[in-house]
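Heads up, data-v2.cif below (mmCIF, N, CA and C atoms):
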data_coords
#
loop_
_atom_site.label_atom_id
_atom_site.label_comp_id
_atom_site.auth_asym_id
_atom_site.auth_seq_id
_atom_site.Cartn_x
_atom_site.Cartn_y
_atom_site.Cartn_z
N MET S 29 13.07 35.05 -24.51
CA MET S 29 13.09 35.03 -23.06
C MET S 29 11.89 34.27 -22.50
N LYS S 30 10.70 34.53 -23.11
CA LYS S 30 9.50 33.84 -22.66
C LYS S 30 9.61 32.33 -22.88
N SER S 31 10.21 31.95 -24.00
CA SER S 31 10.31 30.51 -24.29
C SER S 31 11.24 29.81 -23.30
N ILE S 32 12.27 30.49 -22.84
CA ILE S 32 13.17 29.90 -21.83
C ILE S 32 12.45 29.73 -20.51
N ALA S 33 11.65 30.74 -20.14
CA ALA S 33 10.88 30.65 -18.89
C ALA S 33 9.85 29.54 -18.95
N ILE S 34 9.17 29.43 -20.09
CA ILE S 34 8.16 28.37 -20.26
C ILE S 34 8.83 27.00 -20.23
N ALA S 35 9.96 26.86 -20.90
CA ALA S 35 10.68 25.58 -20.92
C ALA S 35 11.16 25.21 -19.52
N THR S 36 11.62 26.18 -18.76
CA THR S 36 12.07 25.92 -17.39
C THR S 36 10.92 25.46 -16.51
N ILE S 37 9.80 26.15 -16.60
CA ILE S 37 8.61 25.77 -15.81
C ILE S 37 8.14 24.38 -16.20
N ALA S 38 8.11 24.07 -17.49
CA ALA S 38 7.69 22.75 -17.95
C ALA S 38 8.63 21.66 -17.42
N ALA S 39 9.93 21.93 -17.43
CA ALA S 39 10.90 20.94 -16.92
C ALA S 39 10.71 20.70 -15.43
N VAL S 40 10.49 21.77 -14.68
CA VAL S 40 10.28 21.62 -13.24
C VAL S 40 9.02 20.82 -12.95
N LEU S 41 7.94 21.10 -13.69
CA LEU S 41 6.69 20.37 -13.49
C LEU S 41 6.85 18.89 -13.84
N CYS S 42 7.56 18.60 -14.94
CA CYS S 42 7.78 17.20 -15.33
C CYS S 42 8.57 16.46 -14.27
N LEU S 43 9.62 17.08 -13.76
CA LEU S 43 10.42 16.44 -12.73
C LEU S 43 9.62 16.24 -11.44
N SER S 44 8.73 17.15 -11.13
CA SER S 44 7.89 17.01 -9.94
C SER S 44 6.97 15.81 -10.07
N PHE S 45 6.36 15.64 -11.25
CA PHE S 45 5.47 14.51 -11.46
C PHE S 45 6.22 13.19 -11.43
N VAL S 46 7.44 13.15 -11.97
CA VAL S 46 8.25 11.93 -11.93
C VAL S 46 8.57 11.57 -10.48
N ALA S 47 8.90 12.55 -9.66
CA ALA S 47 9.21 12.29 -8.25
C ALA S 47 8.00 11.76 -7.51
N LEU S 48 6.81 12.26 -7.82
CA LEU S 48 5.60 11.79 -7.15
C LEU S 48 5.21 10.39 -7.61
N ALA S 49 5.52 10.04 -8.86
CA ALA S 49 5.13 8.75 -9.40
C ALA S 49 6.13 7.65 -9.08
N THR S 50 7.26 7.98 -8.51
CA THR S 50 8.28 6.98 -8.19
C THR S 50 7.80 6.10 -7.05
N PRO S 51 7.79 4.77 -7.23
CA PRO S 51 7.34 3.89 -6.15
C PRO S 51 8.29 3.94 -4.96
N PRO S 52 7.81 3.57 -3.78
CA PRO S 52 8.68 3.60 -2.61
C PRO S 52 9.84 2.63 -2.73
N GLU S 53 10.95 2.97 -2.10
CA GLU S 53 12.15 2.13 -2.11
C GLU S 53 12.05 1.04 -1.05
N LEU S 54 12.73 -0.07 -1.29
CA LEU S 54 12.81 -1.10 -0.27
C LEU S 54 13.60 -0.56 0.92
N PRO S 55 13.17 -0.85 2.15
CA PRO S 55 13.93 -0.40 3.31
C PRO S 55 15.27 -1.14 3.39
N LYS S 56 16.22 -0.55 4.10
CA LYS S 56 17.54 -1.16 4.23
C LYS S 56 17.79 -1.57 5.68
N ASP S 57 18.55 -2.64 5.86
CA ASP S 57 18.89 -3.09 7.21
C ASP S 57 20.10 -2.32 7.72
N GLY S 58 20.65 -2.74 8.87
CA GLY S 58 21.78 -2.04 9.48
C GLY S 58 23.03 -2.03 8.63
N ALA S 59 23.18 -3.01 7.73
CA ALA S 59 24.35 -3.08 6.86
C ALA S 59 24.09 -2.40 5.51
N LYS S 60 23.01 -1.63 5.41
CA LYS S 60 22.63 -0.89 4.20
C LYS S 60 22.25 -1.79 3.03
N ILE S 61 21.79 -3.01 3.34
CA ILE S 61 21.34 -3.95 2.31
C ILE S 61 19.82 -3.90 2.26
N LYS S 62 19.25 -3.85 1.04
CA LYS S 62 17.80 -3.77 0.90
C LYS S 62 17.13 -5.04 1.44
N ILE S 63 16.10 -4.84 2.24
CA ILE S 63 15.35 -5.96 2.81
C ILE S 63 14.38 -6.47 1.76
N MET S 64 14.46 -7.75 1.43
CA MET S 64 13.67 -8.32 0.36
C MET S 64 12.43 -9.06 0.87
N ALA S 65 12.14 -8.99 2.15
CA ALA S 65 10.97 -9.67 2.71
C ALA S 65 10.05 -8.62 3.34
N HIS S 66 8.88 -9.06 3.75
CA HIS S 66 7.94 -8.15 4.42
C HIS S 66 8.55 -7.69 5.74
N ALA S 67 8.79 -6.39 5.84
CA ALA S 67 9.39 -5.80 7.04
C ALA S 67 8.51 -4.62 7.45
N PRO S 68 7.45 -4.87 8.21
CA PRO S 68 6.47 -3.82 8.49
C PRO S 68 7.02 -2.69 9.36
N SER S 69 6.43 -1.54 9.17
CA SER S 69 6.75 -0.36 9.97
C SER S 69 5.77 -0.30 11.13
N ALA S 70 6.28 -0.28 12.35
CA ALA S 70 5.40 -0.29 13.53
C ALA S 70 4.49 0.93 13.57
N GLY S 71 4.89 2.03 12.97
CA GLY S 71 4.06 3.23 12.97
C GLY S 71 2.82 3.12 12.10
N LYS S 72 2.75 2.09 11.25
CA LYS S 72 1.60 1.91 10.36
C LYS S 72 0.67 0.78 10.81
N ASP S 73 0.96 0.14 11.94
CA ASP S 73 0.11 -0.94 12.44
C ASP S 73 -1.29 -0.41 12.78
N GLN S 74 -2.30 -1.21 12.53
CA GLN S 74 -3.64 -0.83 12.93
C GLN S 74 -4.51 -2.07 13.14
N ILE S 75 -5.55 -1.89 13.95
CA ILE S 75 -6.55 -2.94 14.16
C ILE S 75 -7.76 -2.58 13.31
N LEU S 76 -8.23 -3.53 12.51
CA LEU S 76 -9.42 -3.30 11.69
C LEU S 76 -10.64 -3.59 12.55
N THR S 77 -11.43 -2.57 12.83
CA THR S 77 -12.54 -2.73 13.77
C THR S 77 -13.92 -2.60 13.13
N VAL S 78 -14.00 -2.11 11.91
CA VAL S 78 -15.32 -1.99 11.27
C VAL S 78 -15.46 -3.06 10.21
N ASN S 79 -16.68 -3.33 9.80
CA ASN S 79 -16.95 -4.43 8.89
C ASN S 79 -16.32 -4.24 7.51
N SER S 80 -16.21 -2.99 7.04
CA SER S 80 -15.63 -2.73 5.73
C SER S 80 -14.67 -1.54 5.85
N THR S 81 -13.39 -1.77 5.56
CA THR S 81 -12.37 -0.74 5.67
C THR S 81 -11.56 -0.70 4.39
N THR S 82 -11.42 0.50 3.79
CA THR S 82 -10.56 0.68 2.63
C THR S 82 -9.33 1.45 3.07
N VAL S 83 -8.15 0.92 2.73
CA VAL S 83 -6.88 1.52 3.15
C VAL S 83 -6.09 1.96 1.92
N ASP S 84 -5.63 3.21 1.93
CA ASP S 84 -4.77 3.74 0.86
C ASP S 84 -3.33 3.33 1.16
N MET S 85 -2.76 2.51 0.29
CA MET S 85 -1.40 2.03 0.50
C MET S 85 -0.45 2.56 -0.56
N SER S 86 -0.66 3.82 -0.97
CA SER S 86 0.15 4.43 -2.01
C SER S 86 1.63 4.50 -1.65
N SER S 87 1.94 4.63 -0.38
CA SER S 87 3.35 4.75 0.02
C SER S 87 3.89 3.45 0.63
N ASP S 88 3.21 2.34 0.38
CA ASP S 88 3.62 1.06 0.96
C ASP S 88 4.10 0.09 -0.11
N LEU S 89 4.88 -0.91 0.31
CA LEU S 89 5.38 -1.95 -0.58
C LEU S 89 4.63 -3.26 -0.41
N SER S 90 4.19 -3.54 0.82
CA SER S 90 3.47 -4.79 1.10
C SER S 90 2.61 -4.61 2.34
N TRP S 91 1.73 -5.57 2.55
CA TRP S 91 0.89 -5.57 3.75
C TRP S 91 0.71 -6.99 4.23
N GLY S 92 0.43 -7.12 5.52
CA GLY S 92 0.14 -8.41 6.11
C GLY S 92 -1.01 -8.24 7.08
N VAL S 93 -1.89 -9.23 7.12
CA VAL S 93 -3.03 -9.15 8.03
C VAL S 93 -3.23 -10.50 8.71
N TYR S 94 -3.55 -10.43 10.00
CA TYR S 94 -3.92 -11.61 10.78
C TYR S 94 -5.35 -11.41 11.23
N SER S 95 -6.20 -12.39 10.95
CA SER S 95 -7.60 -12.29 11.34
C SER S 95 -8.00 -13.55 12.10
N PRO S 96 -8.70 -13.38 13.24
CA PRO S 96 -9.16 -14.55 13.98
C PRO S 96 -10.33 -15.28 13.31
N VAL S 97 -10.94 -14.64 12.31
CA VAL S 97 -12.04 -15.26 11.56
C VAL S 97 -11.77 -15.11 10.07
N ASP S 98 -12.38 -15.99 9.25
CA ASP S 98 -12.26 -15.82 7.80
C ASP S 98 -12.84 -14.47 7.42
N CYS S 99 -12.15 -13.76 6.54
CA CYS S 99 -12.68 -12.50 6.04
C CYS S 99 -12.23 -12.33 4.59
N LYS S 100 -12.61 -11.23 3.98
CA LYS S 100 -12.34 -11.01 2.55
C LYS S 100 -11.53 -9.74 2.34
N PHE S 101 -10.81 -9.69 1.22
CA PHE S 101 -10.13 -8.47 0.81
C PHE S 101 -10.23 -8.35 -0.70
N ARG S 102 -10.09 -7.14 -1.19
CA ARG S 102 -10.02 -6.90 -2.63
C ARG S 102 -9.01 -5.79 -2.88
N THR S 103 -8.21 -5.94 -3.93
CA THR S 103 -7.26 -4.90 -4.32
C THR S 103 -7.92 -4.05 -5.40
N MET S 104 -7.68 -2.72 -5.32
CA MET S 104 -8.37 -1.80 -6.23
C MET S 104 -7.41 -0.71 -6.68
N SER S 105 -7.68 -0.14 -7.84
CA SER S 105 -6.86 0.96 -8.35
C SER S 105 -7.31 2.30 -7.77
N THR S 106 -8.53 2.38 -7.31
CA THR S 106 -9.04 3.60 -6.67
C THR S 106 -9.74 3.20 -5.37
N SER S 107 -10.25 4.18 -4.64
CA SER S 107 -10.93 3.86 -3.39
C SER S 107 -12.35 3.35 -3.60
N THR S 108 -12.82 3.29 -4.84
CA THR S 108 -14.15 2.76 -5.14
C THR S 108 -14.13 1.25 -4.98
N LYS S 109 -15.08 0.71 -4.23
CA LYS S 109 -15.10 -0.71 -3.90
C LYS S 109 -15.59 -1.54 -5.09
N VAL S 110 -14.64 -2.01 -5.90
CA VAL S 110 -14.93 -2.87 -7.05
C VAL S 110 -13.85 -3.94 -7.13
N GLY S 111 -14.17 -5.02 -7.82
CA GLY S 111 -13.18 -6.07 -8.02
C GLY S 111 -13.55 -7.36 -7.32
N VAL S 112 -12.75 -8.36 -7.58
CA VAL S 112 -12.98 -9.70 -7.04
C VAL S 112 -12.53 -9.76 -5.58
N GLN S 113 -13.38 -10.33 -4.74
CA GLN S 113 -13.00 -10.53 -3.34
C GLN S 113 -12.22 -11.83 -3.20
N LYS S 114 -11.21 -11.79 -2.36
CA LYS S 114 -10.41 -12.99 -2.07
C LYS S 114 -10.47 -13.25 -0.58
N THR S 115 -10.26 -14.49 -0.16
CA THR S 115 -10.41 -14.88 1.23
C THR S 115 -9.09 -14.82 1.98
N ILE S 116 -9.17 -14.28 3.20
CA ILE S 116 -8.06 -14.35 4.16
C ILE S 116 -8.46 -15.43 5.16
N PRO S 117 -7.74 -16.55 5.19
CA PRO S 117 -8.12 -17.62 6.12
C PRO S 117 -7.89 -17.22 7.57
N SER S 118 -8.73 -17.73 8.45
CA SER S 118 -8.61 -17.37 9.87
C SER S 118 -7.39 -18.03 10.51
N GLY S 119 -6.84 -17.34 11.50
CA GLY S 119 -5.78 -17.91 12.32
C GLY S 119 -4.41 -17.97 11.67
N ALA S 120 -4.19 -17.24 10.58
CA ALA S 120 -2.89 -17.26 9.91
C ALA S 120 -2.58 -15.88 9.34
N TRP S 121 -1.30 -15.56 9.23
CA TRP S 121 -0.90 -14.30 8.61
C TRP S 121 -1.04 -14.43 7.11
N HIS S 122 -1.56 -13.40 6.48
CA HIS S 122 -1.70 -13.33 5.03
C HIS S 122 -0.90 -12.11 4.57
N VAL S 123 0.16 -12.32 3.79
CA VAL S 123 1.06 -11.23 3.39
C VAL S 123 1.02 -11.09 1.87
N ARG S 124 0.91 -9.86 1.39
CA ARG S 124 0.86 -9.59 -0.04
C ARG S 124 1.74 -8.39 -0.38
N GLY S 125 2.35 -8.43 -1.55
CA GLY S 125 3.05 -7.27 -2.09
C GLY S 125 2.05 -6.39 -2.83
N LEU S 126 2.45 -5.18 -3.14
CA LEU S 126 1.57 -4.25 -3.84
C LEU S 126 2.12 -3.90 -5.21
N ARG S 127 1.23 -3.71 -6.17
CA ARG S 127 1.59 -3.26 -7.51
C ARG S 127 1.17 -1.81 -7.67
N ASP S 128 1.75 -1.14 -8.65
CA ASP S 128 1.44 0.27 -8.89
C ASP S 128 -0.04 0.53 -9.13
N ARG S 129 -0.72 -0.37 -9.79
CA ARG S 129 -2.12 -0.14 -10.15
C ARG S 129 -3.11 -0.64 -9.11
N SER S 130 -2.64 -1.22 -8.05
CA SER S 130 -3.53 -1.76 -7.00
C SER S 130 -3.13 -1.19 -5.65
N ARG S 131 -3.26 0.10 -5.48
CA ARG S 131 -2.79 0.77 -4.28
C ARG S 131 -3.83 0.90 -3.18
N PHE S 132 -5.06 0.51 -3.41
CA PHE S 132 -6.09 0.55 -2.39
C PHE S 132 -6.52 -0.88 -2.08
N VAL S 133 -6.71 -1.20 -0.81
CA VAL S 133 -7.16 -2.53 -0.41
C VAL S 133 -8.37 -2.36 0.49
N ASN S 134 -9.43 -3.11 0.20
CA ASN S 134 -10.63 -3.09 1.03
C ASN S 134 -10.72 -4.41 1.77
N TYR S 135 -10.93 -4.32 3.09
CA TYR S 135 -11.09 -5.50 3.94
C TYR S 135 -12.54 -5.57 4.38
N SER S 136 -13.20 -6.72 4.19
CA SER S 136 -14.60 -6.90 4.57
C SER S 136 -14.72 -8.04 5.56
N GLY S 137 -15.39 -7.78 6.68
CA GLY S 137 -15.60 -8.81 7.69
C GLY S 137 -14.37 -9.11 8.52
N CYS S 138 -13.36 -8.25 8.45
CA CYS S 138 -12.11 -8.48 9.17
C CYS S 138 -12.09 -7.75 10.51
N THR S 139 -13.19 -7.78 11.24
CA THR S 139 -13.22 -7.11 12.53
C THR S 139 -12.28 -7.81 13.49
N ALA S 140 -11.53 -7.05 14.24
CA ALA S 140 -10.51 -7.52 15.19
C ALA S 140 -9.29 -8.09 14.49
N ALA S 141 -9.11 -7.78 13.21
CA ALA S 141 -7.91 -8.21 12.49
C ALA S 141 -6.77 -7.23 12.71
N GLU S 142 -5.54 -7.73 12.61
CA GLU S 142 -4.34 -6.91 12.80
C GLU S 142 -3.71 -6.66 11.42
N LEU S 143 -3.49 -5.39 11.08
CA LEU S 143 -2.92 -5.03 9.80
C LEU S 143 -1.54 -4.42 9.98
N GLU S 144 -0.56 -4.95 9.23
CA GLU S 144 0.80 -4.40 9.20
C GLU S 144 1.09 -3.94 7.78
N ARG S 145 1.82 -2.82 7.67
CA ARG S 145 2.17 -2.30 6.34
C ARG S 145 3.65 -1.97 6.30
N GLN S 146 4.24 -2.18 5.14
CA GLN S 146 5.64 -1.84 4.92
C GLN S 146 5.70 -0.77 3.86
#
Rewrite the coordinates I just gave you, this time as structure tokens.
Amino acid sequence: MKSIAIATIAAVLCLSFVALATPPELPKDGAKIKIMAHAPSAGKDQILTVNSTTVDMSSDLSWGVYSPVDCKFRTMSTSTKVGVQKTIPSGAWHVRGLRDRSRFVNYSGCTAAELERQ
């Protein structure tokens, strides 16, 4: 009896972890077709106002940023600021997809930049 209870608890815990580790699904349009391009959610829009901002994008598929000045970003596996900085050119939208191991993005010098997330 104990072994059945332990096996049941173990199965429930395993299924819970699988559900948490599943990446987000692509959104669907009105015809129920998955959208294959950057389609930001208006509820996640934000203005980057401080010199260094780290954003947790664990539940996102992609992000886009518009900055009036050149600024930098880095993708990271944790919220610790490490890794190579890359440039976001001024006056243009910069859109990137996200990978499972790079769920945190740090923006440096992107004051007054507009961030969209999907």
Please return, as a compact mmCIF listing (two decimals) with N, CA and C atoms, keeping the file's coordinate frame, all polymer residues that have at least one atom within 6 Å of the point (-0.3, -7.1, 3.9); use only C-alpha atoms and the file's own coordinate frame.
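Final output, saved to part.txt:
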# COMPACT_ATOMS: atom_id res chain seq x y z
N SER S 90 4.19 -3.54 0.82
CA SER S 90 3.47 -4.79 1.10
C SER S 90 2.61 -4.61 2.34
N TRP S 91 1.73 -5.57 2.55
CA TRP S 91 0.89 -5.57 3.75
C TRP S 91 0.71 -6.99 4.23
N GLY S 92 0.43 -7.12 5.52
CA GLY S 92 0.14 -8.41 6.11
C GLY S 92 -1.01 -8.24 7.08
N VAL S 93 -1.89 -9.23 7.12
CA VAL S 93 -3.03 -9.15 8.03
C VAL S 93 -3.23 -10.50 8.71
N VAL S 123 0.16 -12.32 3.79
CA VAL S 123 1.06 -11.23 3.39
C VAL S 123 1.02 -11.09 1.87
N ARG S 124 0.91 -9.86 1.39
CA ARG S 124 0.86 -9.59 -0.04
C ARG S 124 1.74 -8.39 -0.38
N ARG S 145 1.82 -2.82 7.67
CA ARG S 145 2.17 -2.30 6.34
C ARG S 145 3.65 -1.97 6.30
### Task
Point out the residue among S:Met104, S:Ala120, S:Cys99, S:Val133 with the least atom-to-atom distance to Met85 in chain S, counting only C-alpha atoms.
S:Val133
Output of the PyMOL selection byres (((chain S and resi 115 and name CA) around 8) and name CA), listed as an mmCIF file with N, CA and C atoms, keeping the file's coordinate frame:
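New file out08.cif:
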data_model
loop_
_atom_site.group_PDB
_atom_site.id
_atom_site.type_symbol
_atom_site.label_atom_id
_atom_site.label_comp_id
_atom_site.auth_asym_id
_atom_site.auth_seq_id
_atom_site.Cartn_x
_atom_site.Cartn_y
_atom_site.Cartn_z
ATOM 1 N N ASP S 98 -12.380 -15.990 9.250
ATOM 2 C CA ASP S 98 -12.260 -15.820 7.800
ATOM 3 C C ASP S 98 -12.840 -14.470 7.420
ATOM 4 N N CYS S 99 -12.150 -13.760 6.540
ATOM 5 C CA CYS S 99 -12.680 -12.500 6.040
ATOM 6 C C CYS S 99 -12.230 -12.330 4.590
ATOM 7 N N LYS S 100 -12.610 -11.230 3.980
ATOM 8 C CA LYS S 100 -12.340 -11.010 2.550
ATOM 9 C C LYS S 100 -11.530 -9.740 2.340
ATOM 10 N N PHE S 101 -10.810 -9.690 1.220
ATOM 11 C CA PHE S 101 -10.130 -8.470 0.810
ATOM 12 C C PHE S 101 -10.230 -8.350 -0.700
ATOM 13 N N GLN S 113 -13.380 -10.330 -4.740
ATOM 14 C CA GLN S 113 -13.000 -10.530 -3.340
ATOM 15 C C GLN S 113 -12.220 -11.830 -3.200
ATOM 16 N N LYS S 114 -11.210 -11.790 -2.360
ATOM 17 C CA LYS S 114 -10.410 -12.990 -2.070
ATOM 18 C C LYS S 114 -10.470 -13.250 -0.580
ATOM 19 N N ILE S 116 -9.170 -14.280 3.200
ATOM 20 C CA ILE S 116 -8.060 -14.350 4.160
ATOM 21 C C ILE S 116 -8.460 -15.430 5.160
ATOM 22 N N PRO S 117 -7.740 -16.550 5.190
ATOM 23 C CA PRO S 117 -8.120 -17.620 6.120
ATOM 24 C C PRO S 117 -7.890 -17.220 7.570
#
### Summary
The residue from S:Lys62, S:Leu89, S:Tyr94, S:Ala140 with the smallest atom-to-atom distance to Asp128 in chain S, counting only C-alpha atoms, is S:Leu89
### Query
How would you write as a list of chain:residue names the residues that get within 8 Å of (-5.9, 0.0, 15.0) in the file's frame, counting all atoms listed in the file?
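Here the neighbourhood of the point contains S:Lys72, S:Asp73, S:Gln74, S:Ile75, S:Leu76, S:Thr77, S:Ala141, S:Glu142, S:Leu143.
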### Task
Please identify all polymer residues within 5 Å of Gly137 in chain S, counting all atoms listed in the file, omitting same-chain residues fewer than 2 positions from it, and present them as a ChimeraX atom specification.
/S:79-80,99,135,139
Listed atoms of range 87-90 of chain S, axis-aligned box, 5 Å per side: centre and edge lengths to one decimal in Å, as AutoDock Vina command-line options?
--center_x 3.7 --center_y 0.0 --center_z 0.9 --size_x 13.4 --size_y 19.5 --size_z 12.9
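Here CA of Ser105 in chain S and atom C of Lys56 in chain S stand 28.5 Å from one another.
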### Distance of CA of Glu144 in chain S from atom C of Pro68 in chain S, expressed in Å to one decimal place
6.5 Å
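Separating CA of Lys60 in chain S from CA of Arg129 in chain S is a distance of 28.6 Å.
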### Query
So which one's closest to Thr108 in chain S, S:Gly125, S:Ser130, S:Pro96, S:His66? Using only C-alpha atoms, please.
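Ranked by minimum distance to Thr108 in chain S, first place goes to S:Ser130.
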